[in-house]
Amino acid sequence: MKTVELIVVGGGPAGMAAAIAAYEKGVTDILILERDKELGGILNQCIHNGFGLHTFKEELTGPEYAVRYIDKIQEKKIPSLLNTIAVDVQGGMPCTVTAMNKEQGMFTIQAKAVVLAMGCRERPRGAMNIPGYRPAGIYSAGTAQRYVNIEGRMPGREVVVLGSGDIGLIMARRMTLQGAKIKLVAEIMPYSGGLKRNIVQCLDDYGIPLKLSHTVTQIHGKDRVEGVTVSRVDETLTPIPGTEEFVKCDTLLLSCGLIPENELSRGAGTKIDDVTQGPVVNARLETTVQGIFACGNVLHVHDLVDNVSKEAYEAGSFAADYILNGKEDWGEAVRPKIPEKTKCTLPEGRDARGQLICIGCPVGCLITAQKKEDGSFTITGNSCKKGESYARSEMTAPMRTVTSMIRVHGGWGPVVPVKTASEIPKGKIDACMEEIKAAVIDAPVKVGDVLIENVAGTSVAVVATGNMNKKSYAG
């Protein structure tokens with residue numbers, strides 16, 4: 001039986017940060033178990049901007065953020081087993097993890113400690129009780145995101161999105177850029193659950209309607225989705241008779257919340273917090289089972305990946321202290337601080353009054369820009385210089401960064417994520433996307449490679465934000 005000092009279950013941002021922290025604390029015999037074919041976790045399919053503002057002091061795409069940690073894992077030569085699923089975890093002295101993959105079959109590893117970093121998953125359709133058959137064309141937003149951004153496939157062409165969380169908003173934009181028609185985004189609450197900046201750059205930029213206090217009450221179609229019925233709801237979230245509206249579509253994306261992925265945690269016997277839906281932990285992020293620690297979205301769903309990395313680094317450090325110095329008294333349970341759910345309400349007609357939502361960071365300041373007689377602007381409401389710069393640009397020549405993917409020949413995957421190296425005029429987005437969709441490149445590709453020069457005549461390059469190696473297998 002293989003023995004290591006520390007096992008980390010999950011190779012996403014939490015798992016990698018925990019492994020790096022433990023290594024830096026002096027525990028170097030570490031093994032990461034990751035079910036996917038590469039490290040990075042969910043970040044690999046989150047090809048949009050918005051990551052790393054706190055951790056790296058710059059705005060990165062998900063793959064770029066992941067690569068920063070993957071590079072550290074490789075520098076420290078921390079081993080990982082990819083395409084490997086952990087099926088059971090047990091605490092104690094020692095802890096044991098049972099896992100399986102195609103090469104080794106079922107096997108067990110012993111360790112002095114285990115860090116759980118399995119992330120979270122989306123709420124399924126069954127949790128929403130929507131009447132109708134189970135036709136093709138119903139996807140969680142995360143599944144659709146993987147199809148589009150990892151596999152290069154479009155799940156549908158006429159789409160309704162249920163739920164206005166950030167994943168739903170981002171996928172509304174993403175599928176629009178790939179040629180789909182987003183009919184509407186329906187949100188059962190009287191406010192959006194997503195960031196204000198995402199309302200602006202994912203819906204407003206593309207004229208996609210957001211219907212608050214609305215939900216899907218019927219799915220039509222037996223073999224394939226043919227449409228949905230959308231109804232207004234009252235203050236008790238009950239559909240109001242007589243408000244039904246049929247919307248023709250071939251695809252329904254569900255973006256209705258995330259929950260920690262805790263089957264392994266429950267199997268290990270850890271106590272689960274009724275509020276966070278993650279394990280109960282103490283101040284050292286140790287669960288109620290000896291030697292098992294938890295961090296990231298498996299502990300509670302975080303608002304930013306930067307916060308995931310910070311918490312996971314702490315968990316890795318605590319696990320290393322446990323391994324090097326032995327068990328301490330467990331102490332008291334400490335519930336991680338969970339940020340309040342965003343209640344995004346935007347003033348009606350804000351553009352007509354010169355009111356703008358800044359998209360420079362997640363804060364989303366409401367900025368007022370008043371044009372003076374000499375053509376200059378008086379700008380108020382911004383909390384930083386970036387907001388002032390954004391407002392001036394938005395009122396005169398709006399700019400956006402475009403993120404997408406380019407098809408790859410000879411790689412282990414069909415597409416590689418890309419972005420414009422800097423912002424381009426908003427009016428050039430369609431032309432930019434046409435060039436990106438027409439391009440085909442050869443593997444290998446690495447982060448930062450220039451794949452298109454002077455896209456759409458903007459003098460801005462399109463660069464790779466992820467790595468794409470050549471196929472390592474026949475065919």
# chains A, B, ... in the order shown; residues from 1 in each chain; ligands from 1
>>> residues_around(residues="range 98-110 of chain A", least_positions_apart="2", cutoff="6 Å", atoms="only C-alpha atoms", output="list in words")
Lys2, Thr3, Thr84, Ile85, Ala86, Val87, Asp88, Cys95 and Thr96 of chain A
>>> residues_around(residues="Val301 in chain A", least_positions_apart="3", cutoff="12 Å", atoms="only C-alpha atoms", output="number ranges by chain")
A: 14, 117-122, 257-262, 275-279, 295-298, 304-305, 307-308, 311, 336-341
>>> residues_around(residues="Val445 in chain A", least_positions_apart="4", cutoff="8 Å", atoms="only C-alpha atoms", output="PyMOL selection string")
chain A and resi 449+464+466-469
>>> write_last_selection(atoms="N, CA and C atoms", output="PDB file, in the first residue's frame")
ATOM      1  N   ASP A 449       0.898  33.034 -26.247  1.00  0.00           N
ATOM      2  CA  ASP A 449       1.198  32.976 -27.682  1.00  0.00           C
ATOM      3  C   ASP A 449       0.219  33.861 -28.458  1.00  0.00           C
ATOM      4  N   ALA A 464      -3.325  33.387 -26.567  1.00  0.00           N
ATOM      5  CA  ALA A 464      -3.788  32.189 -25.861  1.00  0.00           C
ATOM      6  C   ALA A 464      -3.790  32.447 -24.356  1.00  0.00           C
ATOM      7  N   GLY A 466      -4.598  29.690 -22.360  1.00  0.00           N
ATOM      8  CA  GLY A 466      -4.392  28.350 -21.818  1.00  0.00           C
ATOM      9  C   GLY A 466      -3.357  27.625 -22.645  1.00  0.00           C
ATOM     10  N   ASN A 467      -2.897  26.492 -22.152  1.00  0.00           N
ATOM     11  CA  ASN A 467      -1.916  25.676 -22.868  1.00  0.00           C
ATOM     12  C   ASN A 467      -2.628  24.563 -23.629  1.00  0.00           C
ATOM     13  N   MET A 468      -2.083  24.222 -24.775  1.00  0.00           N
ATOM     14  CA  MET A 468      -2.627  23.111 -25.556  1.00  0.00           C
ATOM     15  C   MET A 468      -1.461  22.301 -26.102  1.00  0.00           C
ATOM     16  N   ASN A 469      -1.257  21.114 -25.541  1.00  0.00           N
ATOM     17  CA  ASN A 469      -0.191  20.244 -25.986  1.00  0.00           C
ATOM     18  C   ASN A 469      -0.656  19.359 -27.122  1.00  0.00           C
TER      19      ASN A 469
END
>>> residues_around(residues="Glu24 in chain A", least_positions_apart="5", cutoff="12 Å", atoms="only C-alpha atoms", output="list in words")
Ala17, Ala18, Ala19, Asp29, Ile30, Lys72, Ile73, Lys76, Ile78, Tyr313, Glu314, Gly316, Ser317, Phe318, Ala319, Ala320 and Asp321 of chain A
>>> write_last_selection(atoms="N, CA, C and O atoms", output="mmCIF file, in the first residue's frame")
data_model
loop_
_atom_site.group_PDB
_atom_site.id
_atom_site.type_symbol
_atom_site.label_atom_id
_atom_site.label_comp_id
_atom_site.auth_asym_id
_atom_site.auth_seq_id
_atom_site.Cartn_x
_atom_site.Cartn_y
_atom_site.Cartn_z
ATOM 1 N N ALA A 17 -3.606 25.301 -4.038
ATOM 2 C CA ALA A 17 -3.140 26.247 -3.024
ATOM 3 C C ALA A 17 -2.813 25.528 -1.718
ATOM 4 O O ALA A 17 -1.817 25.836 -1.050
ATOM 5 N N ALA A 18 -3.640 24.550 -1.334
ATOM 6 C CA ALA A 18 -3.387 23.790 -0.112
ATOM 7 C C ALA A 18 -2.092 22.996 -0.220
ATOM 8 O O ALA A 18 -1.293 22.944 0.723
ATOM 9 N N ALA A 19 -1.859 22.365 -1.365
ATOM 10 C CA ALA A 19 -0.642 21.581 -1.562
ATOM 11 C C ALA A 19 0.600 22.466 -1.515
ATOM 12 O O ALA A 19 1.617 22.116 -0.907
ATOM 13 N N ASP A 29 6.106 15.405 0.953
ATOM 14 C CA ASP A 29 5.593 14.133 0.420
ATOM 15 C C ASP A 29 4.081 14.253 0.265
ATOM 16 O O ASP A 29 3.306 13.854 1.132
ATOM 17 N N ILE A 30 3.665 14.843 -0.850
ATOM 18 C CA ILE A 30 2.266 15.202 -1.088
ATOM 19 C C ILE A 30 1.784 14.524 -2.364
ATOM 20 O O ILE A 30 2.543 14.373 -3.325
ATOM 21 N N LYS A 72 3.465 26.625 -10.215
ATOM 22 C CA LYS A 72 4.059 26.455 -8.886
ATOM 23 C C LYS A 72 4.101 24.982 -8.489
ATOM 24 O O LYS A 72 5.076 24.512 -7.896
ATOM 25 N N ILE A 73 3.032 24.249 -8.814
ATOM 26 C CA ILE A 73 3.003 22.809 -8.512
ATOM 27 C C ILE A 73 4.138 22.098 -9.243
ATOM 28 O O ILE A 73 4.834 21.233 -8.683
ATOM 29 N N LYS A 76 7.656 22.914 -7.791
ATOM 30 C CA LYS A 76 7.933 22.214 -6.539
ATOM 31 C C LYS A 76 7.906 20.696 -6.708
ATOM 32 O O LYS A 76 8.129 19.942 -5.755
ATOM 33 N N ILE A 78 5.444 18.688 -7.077
ATOM 34 C CA ILE A 78 4.405 18.011 -6.295
ATOM 35 C C ILE A 78 3.647 17.073 -7.231
ATOM 36 O O ILE A 78 3.054 17.521 -8.210
ATOM 37 N N TYR A 313 -4.926 27.978 1.234
ATOM 38 C CA TYR A 313 -3.534 28.117 1.678
ATOM 39 C C TYR A 313 -3.461 27.933 3.198
ATOM 40 O O TYR A 313 -2.551 27.280 3.718
ATOM 41 N N GLU A 314 -4.440 28.498 3.900
ATOM 42 C CA GLU A 314 -4.489 28.335 5.345
ATOM 43 C C GLU A 314 -4.706 26.865 5.713
ATOM 44 O O GLU A 314 -4.070 26.336 6.634
ATOM 45 N N GLY A 316 -3.902 24.190 3.998
ATOM 46 C CA GLY A 316 -2.677 23.443 3.750
ATOM 47 C C GLY A 316 -1.641 23.669 4.834
ATOM 48 O O GLY A 316 -0.939 22.731 5.254
ATOM 49 N N SER A 317 -1.557 24.891 5.326
ATOM 50 C CA SER A 317 -0.619 25.207 6.410
ATOM 51 C C SER A 317 -1.011 24.487 7.694
ATOM 52 O O SER A 317 -0.166 23.929 8.401
ATOM 53 N N PHE A 318 -2.311 24.489 8.021
ATOM 54 C CA PHE A 318 -2.784 23.810 9.219
ATOM 55 C C PHE A 318 -2.565 22.301 9.120
ATOM 56 O O PHE A 318 -2.197 21.648 10.111
ATOM 57 N N ALA A 319 -2.798 21.734 7.943
ATOM 58 C CA ALA A 319 -2.575 20.305 7.753
ATOM 59 C C ALA A 319 -1.101 19.962 7.935
ATOM 60 O O ALA A 319 -0.758 18.936 8.539
ATOM 61 N N ALA A 320 -0.224 20.825 7.449
ATOM 62 C CA ALA A 320 1.217 20.608 7.620
ATOM 63 C C ALA A 320 1.603 20.668 9.096
ATOM 64 O O ALA A 320 2.400 19.840 9.578
ATOM 65 N N ASP A 321 1.051 21.623 9.842
ATOM 66 C CA ASP A 321 1.321 21.712 11.282
ATOM 67 C C ASP A 321 0.868 20.439 11.992
ATOM 68 O O ASP A 321 1.551 19.928 12.884
#
>>> residues_around(residues="Leu43 in chain A", least_positions_apart="5", cutoff="12 Å", atoms="only C-alpha atoms", output="ChimeraX atom specification")
/A:11-14,36,38,48-52,60-70,119,142,145-146,149-150,304-306,308,417,465-466
>>> select_by_dssp(residues="range 122-361 of chain A", states="alpha helix (DSSP H)", output="ChimeraX atom specification")
/A:141-149,166-177,196-198,263-267,305-325
>>> write_last_selection(atoms="N, CA and C atoms", output="short mmCIF file (atom, residue, chain, number, x, y, z; two decimals), in the first residue's frame")
data_model
loop_
_atom_site.label_atom_id
_atom_site.label_comp_id
_atom_site.auth_asym_id
_atom_site.auth_seq_id
_atom_site.Cartn_x
_atom_site.Cartn_y
_atom_site.Cartn_z
N ALA A 141 -26.04 25.39 -16.41
CA ALA A 141 -25.20 26.38 -17.08
C ALA A 141 -23.74 25.93 -17.11
N GLY A 142 -23.30 25.24 -16.05
CA GLY A 142 -21.91 24.76 -16.01
C GLY A 142 -21.64 23.68 -17.04
N THR A 143 -22.62 22.81 -17.26
CA THR A 143 -22.46 21.78 -18.29
C THR A 143 -22.36 22.42 -19.67
N ALA A 144 -23.24 23.39 -19.93
CA ALA A 144 -23.17 24.10 -21.21
C ALA A 144 -21.83 24.81 -21.36
N GLN A 145 -21.34 25.37 -20.26
CA GLN A 145 -20.05 26.05 -20.31
C GLN A 145 -18.93 25.09 -20.71
N ARG A 146 -18.96 23.88 -20.17
CA ARG A 146 -17.95 22.90 -20.54
C ARG A 146 -18.07 22.50 -22.01
N TYR A 147 -19.31 22.28 -22.47
CA TYR A 147 -19.49 21.92 -23.88
C TYR A 147 -18.89 22.99 -24.80
N VAL A 148 -19.18 24.26 -24.50
CA VAL A 148 -18.76 25.35 -25.38
C VAL A 148 -17.26 25.62 -25.26
N ASN A 149 -16.77 25.74 -24.02
CA ASN A 149 -15.41 26.24 -23.81
C ASN A 149 -14.34 25.17 -23.78
N ASP A 166 -24.07 34.47 -11.63
CA ASP A 166 -23.00 34.86 -12.54
C ASP A 166 -22.75 33.84 -13.65
N ILE A 167 -22.88 32.55 -13.35
CA ILE A 167 -22.64 31.55 -14.40
C ILE A 167 -23.68 31.69 -15.50
N GLY A 168 -24.95 31.90 -15.12
CA GLY A 168 -25.99 32.08 -16.12
C GLY A 168 -25.78 33.31 -16.97
N LEU A 169 -25.40 34.42 -16.33
CA LEU A 169 -25.15 35.66 -17.07
C LEU A 169 -23.98 35.50 -18.03
N ILE A 170 -22.92 34.91 -17.54
CA ILE A 170 -21.72 34.73 -18.37
C ILE A 170 -22.00 33.80 -19.55
N MET A 171 -22.82 32.76 -19.33
CA MET A 171 -23.14 31.86 -20.43
C MET A 171 -24.09 32.51 -21.43
N ALA A 172 -24.92 33.45 -20.98
CA ALA A 172 -25.77 34.18 -21.92
C ALA A 172 -24.89 34.95 -22.91
N ARG A 173 -23.86 35.60 -22.41
CA ARG A 173 -22.93 36.31 -23.30
C ARG A 173 -22.13 35.33 -24.15
N ARG A 174 -21.64 34.28 -23.51
CA ARG A 174 -20.76 33.35 -24.22
C ARG A 174 -21.47 32.71 -25.42
N MET A 175 -22.70 32.27 -25.21
CA MET A 175 -23.42 31.63 -26.31
C MET A 175 -23.85 32.64 -27.36
N THR A 176 -24.10 33.88 -26.94
CA THR A 176 -24.39 34.94 -27.92
C THR A 176 -23.19 35.15 -28.84
N LEU A 177 -22.01 35.23 -28.26
CA LEU A 177 -20.79 35.42 -29.05
C LEU A 177 -20.57 34.26 -30.03
N LYS A 196 -23.19 43.23 -10.57
CA LYS A 196 -23.69 44.31 -11.41
C LYS A 196 -22.90 44.39 -12.71
N ARG A 197 -21.59 44.20 -12.62
CA ARG A 197 -20.76 44.29 -13.83
C ARG A 197 -21.17 43.26 -14.87
N ASN A 198 -21.65 42.09 -14.40
CA ASN A 198 -22.06 41.06 -15.34
C ASN A 198 -23.42 41.35 -15.96
N GLU A 263 -20.17 14.35 -0.96
CA GLU A 263 -20.40 12.92 -0.79
C GLU A 263 -19.24 12.26 -0.04
N LEU A 264 -18.01 12.64 -0.40
CA LEU A 264 -16.85 12.07 0.30
C LEU A 264 -16.81 12.50 1.75
N SER A 265 -17.16 13.76 2.01
CA SER A 265 -17.15 14.27 3.38
C SER A 265 -18.13 13.48 4.24
N ARG A 266 -19.34 13.26 3.71
CA ARG A 266 -20.34 12.50 4.46
C ARG A 266 -19.89 11.06 4.65
N GLY A 267 -19.30 10.47 3.61
CA GLY A 267 -18.82 9.10 3.71
C GLY A 267 -17.73 8.94 4.76
N VAL A 305 -12.74 33.40 -6.49
CA VAL A 305 -11.72 32.35 -6.44
C VAL A 305 -10.52 32.81 -5.63
N ASP A 306 -10.27 34.13 -5.57
CA ASP A 306 -9.17 34.64 -4.75
C ASP A 306 -9.37 34.24 -3.29
N ASN A 307 -10.63 34.28 -2.82
CA ASN A 307 -10.92 33.88 -1.44
C ASN A 307 -10.77 32.38 -1.24
N VAL A 308 -11.08 31.61 -2.28
CA VAL A 308 -10.85 30.17 -2.24
C VAL A 308 -9.38 29.87 -2.01
N SER A 309 -8.53 30.52 -2.80
CA SER A 309 -7.09 30.28 -2.71
C SER A 309 -6.54 30.66 -1.34
N LYS A 310 -7.01 31.80 -0.82
CA LYS A 310 -6.54 32.26 0.49
C LYS A 310 -6.91 31.26 1.59
N GLU A 311 -8.15 30.82 1.61
CA GLU A 311 -8.59 29.87 2.62
C GLU A 311 -7.87 28.53 2.46
N ALA A 312 -7.68 28.08 1.22
CA ALA A 312 -7.03 26.79 0.98
C ALA A 312 -5.56 26.84 1.41
N TYR A 313 -4.93 27.98 1.23
CA TYR A 313 -3.53 28.12 1.68
C TYR A 313 -3.46 27.93 3.20
N GLU A 314 -4.44 28.50 3.90
CA GLU A 314 -4.49 28.34 5.34
C GLU A 314 -4.71 26.86 5.71
N ALA A 315 -5.60 26.20 5.00
CA ALA A 315 -5.88 24.78 5.28
C ALA A 315 -4.64 23.93 5.07
N GLY A 316 -3.90 24.19 4.00
CA GLY A 316 -2.68 23.44 3.75
C GLY A 316 -1.64 23.67 4.83
N SER A 317 -1.56 24.89 5.33
CA SER A 317 -0.62 25.21 6.41
C SER A 317 -1.01 24.49 7.69
N PHE A 318 -2.31 24.49 8.02
CA PHE A 318 -2.78 23.81 9.22
C PHE A 318 -2.57 22.30 9.12
N ALA A 319 -2.80 21.73 7.94
CA ALA A 319 -2.57 20.31 7.75
C ALA A 319 -1.10 19.96 7.93
N ALA A 320 -0.22 20.82 7.45
CA ALA A 320 1.22 20.61 7.62
C ALA A 320 1.60 20.67 9.10
N ASP A 321 1.05 21.62 9.84
CA ASP A 321 1.32 21.71 11.28
C ASP A 321 0.87 20.44 11.99
N TYR A 322 -0.28 19.91 11.60
CA TYR A 322 -0.80 18.68 12.19
C TYR A 322 0.16 17.52 11.92
N ILE A 323 0.66 17.44 10.70
CA ILE A 323 1.57 16.35 10.34
C ILE A 323 2.90 16.46 11.08
N LEU A 324 3.42 17.68 11.18
CA LEU A 324 4.75 17.89 11.76
C LEU A 324 4.74 17.92 13.29
N ASN A 325 3.65 18.41 13.87
CA ASN A 325 3.64 18.64 15.31
C ASN A 325 2.63 17.81 16.08
#
>>> closest_atom_pairs(of="range 416-465 of chain A", to="range 179-195 of chain A", cutoff="10 Å", atoms="only C-alpha atoms", output="JSON lines")
{"residue": "A:Asp430", "atom": "CA", "partner": "A:Gly179", "partner_atom": "CA", "distance": 9.9}
{"residue": "A:Met433", "atom": "CA", "partner": "A:Gly179", "partner_atom": "CA", "distance": 9.5}
{"residue": "A:Glu434", "atom": "CA", "partner": "A:Gly179", "partner_atom": "CA", "distance": 9.9}
>>> closest_residue(among="A:Ile32, A:Val27, A:Ile240, A:Val230", to="Asn83 in chain A", atoms="only C-alpha atoms")
A:Ile32
>>> select_by_dssp(residues="range 324-456 of chain A", states="strand (DSSP E or B)", output="ChimeraX atom specification")
/A:333,344,355-357,366-371,377-380,399-400,403-409,411,415-420,424-425,440-442,445,450-452
>>> write_last_selection(atoms="N, CA, C and O atoms", output="short mmCIF file (atom, residue, chain, number, x, y, z; two decimals), in the first residue's frame")
data_model
loop_
_atom_site.label_atom_id
_atom_site.label_comp_id
_atom_site.auth_asym_id
_atom_site.auth_seq_id
_atom_site.Cartn_x
_atom_site.Cartn_y
_atom_site.Cartn_z
N ALA A 333 -16.16 24.63 17.13
CA ALA A 333 -16.51 24.78 15.72
C ALA A 333 -16.54 26.26 15.35
O ALA A 333 -17.00 27.10 16.13
N CYS A 344 -28.62 42.41 -6.61
CA CYS A 344 -28.27 43.36 -7.66
C CYS A 344 -29.53 44.00 -8.22
O CYS A 344 -30.30 43.36 -8.93
N GLN A 355 -26.06 57.59 -16.07
CA GLN A 355 -25.65 56.74 -14.98
C GLN A 355 -25.11 55.42 -15.53
O GLN A 355 -25.75 54.79 -16.36
N LEU A 356 -23.95 55.03 -15.05
CA LEU A 356 -23.26 53.86 -15.56
C LEU A 356 -22.88 52.95 -14.41
O LEU A 356 -22.57 53.41 -13.30
N ILE A 357 -22.87 51.65 -14.67
CA ILE A 357 -22.34 50.69 -13.72
C ILE A 357 -20.92 50.37 -14.15
O ILE A 357 -20.69 49.89 -15.25
N LEU A 366 -21.98 52.69 -9.02
CA LEU A 366 -22.93 53.42 -9.85
C LEU A 366 -22.35 54.82 -10.06
O LEU A 366 -22.23 55.61 -9.13
N ILE A 367 -21.95 55.11 -11.29
CA ILE A 367 -21.26 56.35 -11.62
C ILE A 367 -22.19 57.26 -12.42
O ILE A 367 -22.89 56.80 -13.32
N THR A 368 -22.16 58.54 -12.11
CA THR A 368 -22.90 59.53 -12.88
C THR A 368 -21.91 60.36 -13.67
O THR A 368 -20.95 60.92 -13.12
N ALA A 369 -22.12 60.42 -14.99
CA ALA A 369 -21.25 61.20 -15.88
C ALA A 369 -22.09 62.28 -16.56
O ALA A 369 -22.99 61.96 -17.35
N GLN A 370 -21.83 63.53 -16.23
CA GLN A 370 -22.58 64.65 -16.80
C GLN A 370 -21.68 65.43 -17.76
O GLN A 370 -20.59 65.88 -17.39
N LYS A 371 -22.17 65.57 -18.98
CA LYS A 371 -21.39 66.27 -20.00
C LYS A 371 -21.55 67.78 -19.86
O LYS A 371 -22.65 68.30 -19.73
N PHE A 377 -16.49 66.00 -19.02
CA PHE A 377 -17.47 65.34 -18.16
C PHE A 377 -17.18 65.60 -16.69
O PHE A 377 -16.01 65.65 -16.28
N THR A 378 -18.23 65.73 -15.93
CA THR A 378 -18.14 65.70 -14.48
C THR A 378 -18.56 64.31 -14.04
O THR A 378 -19.68 63.88 -14.29
N ILE A 379 -17.64 63.61 -13.39
CA ILE A 379 -17.86 62.21 -13.05
C ILE A 379 -17.87 62.05 -11.53
O ILE A 379 -16.93 62.46 -10.84
N THR A 380 -18.95 61.47 -11.01
CA THR A 380 -19.08 61.24 -9.58
C THR A 380 -19.59 59.82 -9.32
O THR A 380 -20.18 59.19 -10.19
N MET A 399 -15.23 50.39 -24.68
CA MET A 399 -14.25 49.36 -24.99
C MET A 399 -14.56 48.10 -24.19
O MET A 399 -15.09 48.17 -23.08
N ARG A 400 -14.20 46.94 -24.74
CA ARG A 400 -14.38 45.67 -24.05
C ARG A 400 -13.22 44.72 -24.38
O ARG A 400 -12.65 44.78 -25.48
N THR A 403 -13.24 37.49 -24.77
CA THR A 403 -12.68 36.17 -24.46
C THR A 403 -13.45 35.13 -25.25
O THR A 403 -14.67 35.21 -25.38
N SER A 404 -12.74 34.15 -25.79
CA SER A 404 -13.38 33.10 -26.58
C SER A 404 -12.44 31.92 -26.66
O SER A 404 -11.58 31.73 -25.78
N MET A 405 -12.58 31.11 -27.71
CA MET A 405 -11.65 30.01 -27.93
C MET A 405 -11.40 29.86 -29.42
O MET A 405 -12.21 30.28 -30.24
N ILE A 406 -10.27 29.28 -29.77
CA ILE A 406 -9.90 29.03 -31.16
C ILE A 406 -9.68 27.54 -31.34
O ILE A 406 -9.12 26.87 -30.47
N ARG A 407 -10.13 27.03 -32.47
CA ARG A 407 -9.99 25.59 -32.74
C ARG A 407 -8.52 25.23 -32.97
O ARG A 407 -7.76 26.00 -33.55
N VAL A 408 -8.17 24.04 -32.49
CA VAL A 408 -6.78 23.57 -32.53
C VAL A 408 -6.72 22.25 -33.28
O VAL A 408 -7.55 21.36 -33.07
N HIS A 409 -5.73 22.12 -34.14
CA HIS A 409 -5.49 20.86 -34.86
C HIS A 409 -4.29 20.16 -34.21
O HIS A 409 -3.26 20.76 -33.99
N GLY A 411 -4.09 18.81 -31.17
CA GLY A 411 -3.96 18.91 -29.72
C GLY A 411 -4.77 17.84 -29.01
O GLY A 411 -5.57 17.13 -29.61
N VAL A 415 -10.14 22.80 -28.68
CA VAL A 415 -10.06 24.26 -28.66
C VAL A 415 -9.09 24.72 -27.58
O VAL A 415 -8.80 24.00 -26.62
N VAL A 416 -8.60 25.95 -27.73
CA VAL A 416 -7.76 26.58 -26.72
C VAL A 416 -8.37 27.93 -26.37
O VAL A 416 -8.85 28.65 -27.26
N PRO A 417 -8.45 28.31 -25.09
CA PRO A 417 -9.04 29.60 -24.73
C PRO A 417 -8.15 30.76 -25.14
O PRO A 417 -6.92 30.67 -25.10
N VAL A 418 -8.79 31.87 -25.53
CA VAL A 418 -8.05 33.05 -26.00
C VAL A 418 -8.74 34.31 -25.48
O VAL A 418 -9.88 34.28 -25.01
N LYS A 419 -8.03 35.43 -25.61
CA LYS A 419 -8.62 36.74 -25.31
C LYS A 419 -7.90 37.79 -26.13
O LYS A 419 -6.78 37.56 -26.63
N THR A 420 -8.54 38.94 -26.28
CA THR A 420 -7.83 40.07 -26.88
C THR A 420 -6.84 40.58 -25.86
O THR A 420 -7.15 40.69 -24.67
N ILE A 424 -10.86 46.29 -26.97
CA ILE A 424 -11.09 46.76 -28.33
C ILE A 424 -12.40 47.55 -28.34
O ILE A 424 -13.21 47.42 -27.42
N PRO A 425 -12.64 48.35 -29.36
CA PRO A 425 -13.92 49.08 -29.43
C PRO A 425 -15.10 48.11 -29.37
O PRO A 425 -15.11 47.06 -30.02
N VAL A 440 -8.04 28.47 -37.29
CA VAL A 440 -7.65 27.13 -36.85
C VAL A 440 -6.13 27.14 -36.73
O VAL A 440 -5.43 27.58 -37.64
N ILE A 441 -5.60 26.69 -35.59
CA ILE A 441 -4.16 26.70 -35.37
C ILE A 441 -3.67 25.29 -35.08
O ILE A 441 -4.46 24.38 -34.85
N ASP A 442 -2.36 25.12 -35.10
CA ASP A 442 -1.75 23.83 -34.81
C ASP A 442 -1.18 23.81 -33.40
O ASP A 442 -0.59 24.80 -32.94
N VAL A 445 0.42 24.96 -28.16
CA VAL A 445 0.20 26.38 -27.88
C VAL A 445 0.44 26.58 -26.40
O VAL A 445 0.10 25.72 -25.58
N VAL A 450 0.74 34.63 -29.41
CA VAL A 450 -0.11 35.45 -30.28
C VAL A 450 -0.66 34.55 -31.38
O VAL A 450 0.08 33.96 -32.16
N LEU A 451 -1.99 34.47 -31.45
CA LEU A 451 -2.64 33.59 -32.41
C LEU A 451 -3.25 34.36 -33.57
O LEU A 451 -3.39 33.84 -34.67
N ILE A 452 -3.67 35.61 -33.33
CA ILE A 452 -4.15 36.49 -34.39
C ILE A 452 -3.56 37.87 -34.13
O ILE A 452 -3.66 38.39 -33.03
#
>>> residues_around(residues="Ser383 in chain A", least_positions_apart="4", cutoff="10 Å", atoms="only C-alpha atoms", output="list in words")
Cys358, Val363, Gly364, Cys365, Leu366, Ile367, Gly387 and Glu388 of chain A
>>> write_last_selection(atoms="C-alpha atoms", output="tab-separated table (two decimals), in the first residue's frame")
chain	number	residue	atom	x	y	z
A	358	CYS	CA	-18.54	50.38	-13.63
A	363	VAL	CA	-17.78	46.34	-6.67
A	364	GLY	CA	-19.79	47.74	-9.61
A	365	CYS	CA	-19.96	51.40	-8.57
A	366	LEU	CA	-22.93	53.42	-9.85
A	367	ILE	CA	-21.26	56.35	-11.62
A	387	GLY	CA	-14.05	53.99	-12.43
A	388	GLU	CA	-13.37	57.50	-13.68
>>> closest_residue(among="A:Ala421, A:Leu254, A:Val216, A:Leu116", to="Val281 in chain A", atoms="only C-alpha atoms")
A:Leu116
>>> atom_distance(atom1="CA of Asp274 in chain A", atom2="CA of His302 in chain A")
16.3 Å
